[in-house]
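Novice: Quick one: the structure is below, and I'll ask about it shortly.
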Amino acid sequence: MSEIKILISDNLSKQGVEILQKAGLTVDVKTKMSKEELLRDIKNYDGLIVRSGTKVTADVLAAAEKLRIIGRAGSGLDNVDITTATKRGIVVMNTPGGNTVTTAEHTLAMIFALVRRVPQANSSMKAGKWEKERFMGTELYNKNLGIVGMGQIGSHLAKLAQGVMMNVIVYDPYLAEDRARKMGVEMMSLADLFRRADIISVHTPLTPETKNIINADTISTMKDGVKIINCARGGIINEKHLTEALKSGKVGGAAFDVFEEEPIKPDHPLLSLENFICTPHIGASTTEAQENVAVGIAEQIVDYLTRGIARGAVNVPSVPADLLPRLQPYITLAEKLGLLQSQLYEGGIERVTVEYKGEVAGVNVAPLTIAALKGLLTPILEETVNYVNAPVIARERGIEVKEVKSSDAGDFTSLISLQVEADKKTSRIAGALYSRRDPRIVQLDNFRVEIVPDGHMLFILNNDRPGVIGDVGKILGTHQINIARMQCSREEKGGEALLILGVDGPLPADALRAITVAENILSVKLVRL
């Protein structure tokens, strides 16, 4: 076997390095490389291990002539261009769950430090002062902790908060009511959570939907003196608006471990505020967590490079290499179905049924079901969902998953349908492969369609009346939004109709608002696939 070389470009626990070396891999540890150095050296390596510091951009990947695998020691993959890596055939994997406990504990530590003003009191004493009266704090007992996002970290934080006798209120549109009751938390709308919470902690991924969800407008609805915590992703909270709210006292205090731009600049306005405390993105920085993720990613890298098994991969399932070409189109279709369903369906999810009809029922459908779950869960969770942990996360969230097979696919050679249910509410979408490789969505509840599931799309439910298409087209034209694809479907003449538009980019908020309030429009969903 020829030499296999691994570059470790961010700090990694020595246990991980030892595992790689014992497997016969050549390991180079080069931390704090400049981008120019990375671009120069990456061509020599088969594998790359990073944490959050190294930015694996498209130009880095273009220079990586031999690279076969990228491993992230941790969960977040914001710093890796997964789309470009996938196009170049590079496997991307991570170690989700390895820092769940650590990050939740750090969040609770930030809450304690904020309400008891520990950092400020410490600085005062080290300056030779004894300002006992200055540092009046507040109790956590019986206070409302609002958690936005009940993934693994949010759920563990809820347990910790309940241990100090806090009332936990949560917003998670995909958490089933029954699951919430078992966890002892109270579910509510985001607006109600903002209104009722004494302390708010965000635990969502950074997506177009979650970017700046805490801003001047939402802050104005909160309690006076509310405390705000962000140990999730920079950008979820508008830092400029938060600065003004901290200055005015509307927000009593804030604690951040993450920022929109890292490292944060020394002259950032937040750093000058007495009621703001922060840490340098160390939520996952404990000895235990770093050993866990280092050992985990090293073992996964060894498995892939020596045995061809892709455990923990986010862009390829764990399927034998000889079967992957046949299954890959179905895997892509199943994941697209899940991704679309997650953005169209509203409410908690209690049951998921994946039905396979026709030829696809004769293959090993387990990877396809996992792909559907990955697509369904990815947009809604803070932690990265991959082909390994998707079934575990579904089980932890109390979601029942069923597979159904049938030989009859009707007009199609193969058909995959994904049905989600909760509280007597059901939504079903189905897809097929055209030319045995190109995914298409062919059914949305009662509507027959033929949708290319790609890019930015508008799903508009409307009354079947003349002029709707023209009105929508005029609004998009006014906002310089080009329509790439369009399709109409209806249940019956004069009833409800579905207008699906593929557009060249995301819609400005005012364009989306104009369509929503237009005549005969019942609902509008902006989807990205």
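Naming works like this for the structure tokens: A, B, ... for the chains as they're shown, residue 1 at the start of each chain, ligands 1 onward in shown order.
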Which residues, written as a ChimeraX atom specification, have at least one atom at most 12 Å from Met165 in chain A, with only C-alpha atoms counted and residues fewer than 4 positions away on the same chain left out?

Specialist: /A:139-145,158-161,184

Novice: Please return as JSON, numbers by chain: the residues of range 101-258 of chain A that backbone DSSP assigns to alpha helix (DSSP H).

Specialist: {"A": [101, 102, 103, 104, 105, 106, 107, 108, 109, 110, 111, 112, 113, 114, 115, 116, 118, 119, 120, 121, 122, 123, 124, 125, 126, 152, 153, 154, 155, 156, 157, 158, 159, 160, 161, 162, 163, 177, 178, 179, 180, 181, 182, 183, 190, 191, 192, 193, 194, 195, 196, 216, 217, 218, 219, 239, 240, 241, 242, 243, 244, 245, 246, 247, 248]}

Novice: In Å, with one decimal, what is the gap from CA of Gly76 in chain A to CA of Gln419 in chain A?

Specialist: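 So the two atoms, CA of Gly76 in chain A and CA of Gln419 in chain A, lie 28.7 Å apart.
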
Novice: Tell me which of A:Ile399, A:Ile111, A:Leu458, A:Ala191 sits closest to Asp217 in chain A, counting only C-alpha atoms.

Specialist: A:Ala191

Novice: What residues in range 272-464 of chain A get the DSSP label strand (DSSP E)? Please answer as a PyMOL selection string.

Specialist: chain A and resi 276-278+351-358+400-406+414-422+425-434+438-444+447-451+456-463

Novice: Quick one: everything within 6 Å of Gly98 in chain A, counting only C-alpha atoms, minus sequence neighbours fewer than 3 positions away in the same chain. Send it as a PyMOL selection string.

Specialist: chain A and resi 289+292-293
